[in-house]
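S.K.: Quick one: structure below, then a few questions.
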Amino acid sequence: MRKKYLTLVIFLCVSLQIYALPMQSLADSLTIYANSKADVGKVAVKRIRTSGNHAKIYTDKTLSTLSLSPSELRELRRKVSVQVFGNTGGDIQLYSDGYELGELVSLRYRTLPKVHTPAAVQPLVRNIDLPYQCPEGLDGRHIALWGSHGWYYNNQLDRWLWQRARLWTTVEDLFTSSYTMPYLVPMLENAGAVVLQPRERDTQKQMVIIDSTAMHQQNGTTVAETIVPEEGEYAVYIWYNRSKQAQSRTHIDIEHKDRTTRYQLNMQMGAGTWVYIGKHAFSPQQTARIAIHAPKELICAVRLGGGIDTTANVPRFAVGASSYLHFAGVPDSILDYSKGENTYINDYACRGQWVNYLLGGSQLAPKDDGLSIPIDLSMGLHSDAGVRGGDSIIGTLLIYYDRDDNKSRNLPLGDSRLHCRYLADYVQTQVVEDMRALYAPNWNRRALKNAGYAEARQPRVPSFLLEMLSHQNLNDMRLGLDPKVKFSVSRAIYKGILKYLSASRGAAYAVQPLPIQAMGVSLAGDSICLRWQPQDDPLEPTAAPQYYIVYTRQTRTVNGQTIAGDWSNGTRVNGTRYAFVAERGIRYDFRVVAGNKGGVSLPSETHCAYIAPKPKGSVLIVNNFTRVAAPEFFVDSLYAGILPQSYAVQDGYDISFLGEQYDHLRSSEWQSDDNCGWGASYADHQFALTAGNTHDYPILHGRVLSDLGYSYCSCSSALMEDTTVLSRHTMIDLICGKQRTCIHQPSMADTPDTLYETFPAPLRAALTHYAQHGGSLLLSGMYIGSEAAACKDKAFTDHVLRYTYRGDHATRNGTALISCADLPVQFVRFSTQPNAQIICCENAQGILPARGSVPLGTYTDSGMNAGVAFHGDCRLIALPFILESADDFATLYTNCVHYLIN
């Protein structure tokens, strides 16, 4: 008997082993296939059931993390059929994570199940002075989103700290907000959406709160008035009570400087928290007045500015969600998720609960208590961890969850929570495809992961968590720190959201246009004329502009006092030109946006014009500084990272720079977030803004010129080919800033493109013609020495520039002594470190005089020449540093103008 049982056991073991062989072979084949589509790891086959020509293959979760089209799934079924049946004709069903893969096929290729859409409601806030609408955008949609973590109090360590490590000059807690704040949120709002955030959105460190006792009532209108402590832009918030008297179209008038902007506020939702209305410029010289057309007993307070979190003693924009939401009146039951045990958990866990708090009582969750705001979707933007060798990229992971905290697979109105997957798929696909097309053909697509992370699980709306890239991996961050990439990734997220919301409701969509380019302003008598060019989007055919909006700002002098205005609410024009009769003695500033049915673009660079009452002459200010860029990296086998004193050229003002990298040793291992090894960076700049390319330097020059009595106008250097225009001007002022030639290799091109060339051929030709006809040129910029040497145009360098390149890093202390015949002696100091006021000049160059020019001065530490001047058949001053960063810019600029014109 024992021998009989032993024989049976051996037979069963051999049979199982033989059966396991095709399962392992199939798992290996599925693993290869899956990872050809995305970086998702190994596939395990759990069991195979066959019946005739039918087979059911049960696997682990890996296959469910793919985004497959119908044709890709058919291909996969045929491959499996060959392995199971030896031919392609088998009826194959593949199961993963409890779903047959047919249920998970990418719905970008077929009709989405329509979501329950309640009757249209008046949005929470609407700017009724906007000269455009967004019928094919996100008009009336409410979106909740946030950028990862934040500064928080850790009750276990008894200290305030970041939730992630300081790496590559930044920290995830602010790095992700450098995507959402300047790019993603404005894009969504420009498409018509109302965006709500559990963290402070305003970087203004000043704050004024006017409570109800300081308000007064006039004819049923509640008026709050205040004087801001300093000049600047301030977000305006209102806190109001819940009441049956509340109206859905409450008018609000915000008087800011010389303008009034009108809003409608739906006070039937959002009561009991800070509701963001809009952002405007205010001045201590002018009263800020907010008129709310509602009874005074409904209004609790009006707030201007983000301010300082007094508990943490840091700017409020830096703190995490739990701190901000406490300030915003969110109940403790939402904020204390861990019941006092772990404040780290509280901070990330409160965000999804906050979304539900906003949603409760709305038509999308009528049985729940809350603020009655119909949130359409929510998202958290994070950066992941992980290090890979070589030039590999960790890439983009999307996380959703098909069940909520109550294990329900449905949203409150009965829609499937697979809508979380549909939304995540749209966004991940858009991010990966755009990154591969624009920057990195090897950008890695990772899993579309069904996992119960709090920020993906808790919201009772379509929601996802985006792990955009690895903040720990060198090659991810070489791209991730580039403002161009920040713009493109944010635009991809916006496009994914737009396409999902449109598809889930069966609506047409149009993507808002890219910003306009090649803008210029010219003078013709008493008229000011603007022109610009649209920017094509090769990735998005619906993004073509259909109209444009010109925004104007005026600065005038009254009784010797300068009164600066704020931006107008915009003038809509159908073409690419705009002209008007100007008033002499007023400084005009201009921005232009492109628009279509999907919304409007981000604004253009700022240009300006002024017609002097009795002009001494005319100056053309040319903005030749368009570059934005990541810091410079170096790589070798032992050391790698960001070069010392190499700073990103930020796009506008940035919140995410903390300090320079100090650990460049590849073998340094992470021990803790305070001792994080390779990539570790200082924290001496945290909580401060960093000024980058603010795209508005002509205004700074124009202020001085108007005081000197000169008319002026400005243009992009892309418009410099018209030499007849140049001849009208007494002087050309060429602003080069940190413009420097870069190589960009998009995947669709066989040869690299050149970006940001300082002296491209059309500009060289125009300046040569201008100099040959006796013109006067002021030239400044940090790389004008090396860029002149690189252009190899002897006629241009001999007859226009009249200098030769001497060397980089010509000064450490940023001090130069300007001393030259016909120029007053002046000590010039400029910032060599990042700061909040003006872009820094960390790498001023030295240049030598040539072709009759003379030295203009020297750097006080190195003794290298700090510029050249020429006074002959034409006139020239060339300054190889950033002129705008000089601490006494007005005096230096005035002296240069006098030399070149008098």
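Each chain of the structure tokens is named A, B, ... in the order shown, its residues numbered from 1; ligands are numbered from 1 in display order.
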Name all residues at most 6 Å from Cys134 (chain A) (count only C-alpha atoms; drop same-chain ones fewer than 2 positions away) and give them as an mmCIF file with C-alpha atoms, in the first residue's frame.
M.R.:
data_model
loop_
_atom_site.group_PDB
_atom_site.id
_atom_site.type_symbol
_atom_site.label_atom_id
_atom_site.label_comp_id
_atom_site.auth_asym_id
_atom_site.auth_seq_id
_atom_site.Cartn_x
_atom_site.Cartn_y
_atom_site.Cartn_z
ATOM 1 C CA GLU A 136 -15.151 73.850 -25.462
ATOM 2 C CA GLY A 137 -12.927 74.187 -22.431
ATOM 3 C CA ASP A 139 -16.152 76.358 -18.202
ATOM 4 C CA GLY A 192 -12.698 78.267 -17.449
ATOM 5 C CA LYS A 597 -13.142 78.104 -27.799
ATOM 6 C CA GLY A 598 -11.086 76.196 -25.244
ATOM 7 C CA GLY A 599 -9.743 79.246 -23.426
#
S.K.: From region 116-278 of chain A, collect each residue whose DSSP state is strand (DSSP E) and return the set as a count of residues only.
M.R.: 62
S.K.: Find the residue from A:Tyr610, A:Gly232, A:Val40, A:Val80 that sits nearest to Gly395 (chain A); use only C-alpha atoms when measuring.
M.R.: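 Between A:Tyr610, A:Gly232, A:Val40, A:Val80, the residue approaching Gly395 (chain A) most closely is A:Val40.
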S.K.: Write out as an MDAnalysis selection string the residues lying within 9 Å of Gly585 (chain A), counting only C-alpha atoms and excluding same-chain residues fewer than 5 positions away.
M.R.: chainID A and resid 556:557 610:613 706
S.K.: Write out as number ranges by chain each polymer residue whose atoms come within 10 Å of Asp91 (chain A), counting only C-alpha atoms; drop sequence neighbours fewer than 4 positions from it.
M.R.: A: 50-56, 77-78, 80-81, 85
S.K.: For Val275 (chain A), work out the shell of residues within 8 Å, counting only C-alpha atoms and skipping chain neighbours fewer than 4 positions away, then give it as an MDAnalysis selection string.
M.R.: chainID A and resid 237:239 270
S.K.: How about saving the chosen residues, C-alpha atoms kept, as a CSV table (one decimal), in the first residue's frame?
M.R.:
chain,number,residue,atom,x,y,z
A,237,TYR,CA,-10.2,85.8,-0.4
A,238,ILE,CA,-13.7,86.1,1.1
A,239,TRP,CA,-15.1,84.1,4.1
A,270,GLY,CA,-18.3,77.4,-0.1
S.K.: Would you pick out the contacts of region 199-202 of chain A at 6 Å or less, using only C-alpha atoms, so that residues sharing its chain but fewer than 2 positions from it are not included, and give the list as an MDAnalysis selection string?
M.R.: chainID A and resid 197 204 306 317 321 324
S.K.: Determine the nearest neighbour of Val635 (chain A) from the options A:Ser717, A:Thr724, A:Asn475, A:Gln122, counting only C-alpha atoms.
M.R.: A:Asn475
S.K.: Within 12 Å of Pro824 (chain A), counting only C-alpha atoms, which residues qualify if same-chain residues fewer than 4 places away don't, as an MDAnalysis selection string?
M.R.: chainID A and resid 817:820 828 856:857 891:896 898:899
S.K.: Could the residues of region 528-580 of chain A that have an atom at most 6 Å from region 496-514 of chain A be listed as a Markdown table, each with its closest atom pair and the distance in Å to one decimal, counting only C-alpha atoms and ordered by chain and ascending residue number?
M.R.:
| residue | atom | partner | partner_atom | distance |
| --- | --- | --- | --- | --- |
| A:Gln535 | CA | A:Leu514 | CA | 6.0 |
| A:Thr542 | CA | A:Ala510 | CA | 5.1 |
| A:Ala543 | CA | A:Pro513 | CA | 4.6 |
| A:Ala544 | CA | A:Pro513 | CA | 5.8 |
| A:Pro545 | CA | A:Pro513 | CA | 5.6 |
S.K.: What does the structure give for the distance between CA of Ala850 (chain A) and CA of Gly867 (chain A), in Å to one decimal?
M.R.: 11.4 Å
S.K.: Rank nothing, just name the residue among A:Ile345, A:Ala437, A:Tyr453, A:Arg446 nearest to Leu539 (chain A), using only C-alpha atoms.
M.R.: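 Under the stated criterion, the closest residue is A:Ala437.
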S.K.: What gap, in Å, lies between CA of Gly102 (chain A) and CA of Thr65 (chain A)?
M.R.: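 Those two atoms sit 13.0 Å apart.
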S.K.: Please measure the separation of CA of Asn356 (chain A) and CA of Thr203 (chain A), giving the value in Å to one decimal.
M.R.: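 Answer for the CA of Asn356 (chain A) to CA of Thr203 (chain A) separation: 26.5 Å.
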S.K.: Kindly indicate which residue among A:Val649, A:Val432, A:Ile901, A:Ala789 lies nearest to Ser618 (chain A), using only C-alpha atoms for the distances.
M.R.: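 Looking at the shortest contact to Ser618 (chain A), the residue is A:Ile901.
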S.K.: Please determine, counting only C-alpha atoms, which residue among A:Leu638, A:Leu479, A:Val427, A:Val105 has the shortest atom-to-atom distance to Tyr439 (chain A).
M.R.: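 The closest residue to Tyr439 (chain A) is A:Leu479.
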S.K.: Enumerate the residues of region 224-377 of chain A with a DSSP assignment of alpha helix (DSSP H), computed from the backbone, and present them as a ChimeraX atom specification.
M.R.: /A:321-327,332-335,343-359
S.K.: Give the answer as one residue: which of A:Asp861, A:Glu189, A:Glu455, A:Glu72 has the shortest atom-to-atom distance to Tyr400 (chain A), using only C-alpha atoms?
M.R.: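 Closest to Tyr400 (chain A), using only C-alpha atoms: A:Glu455.
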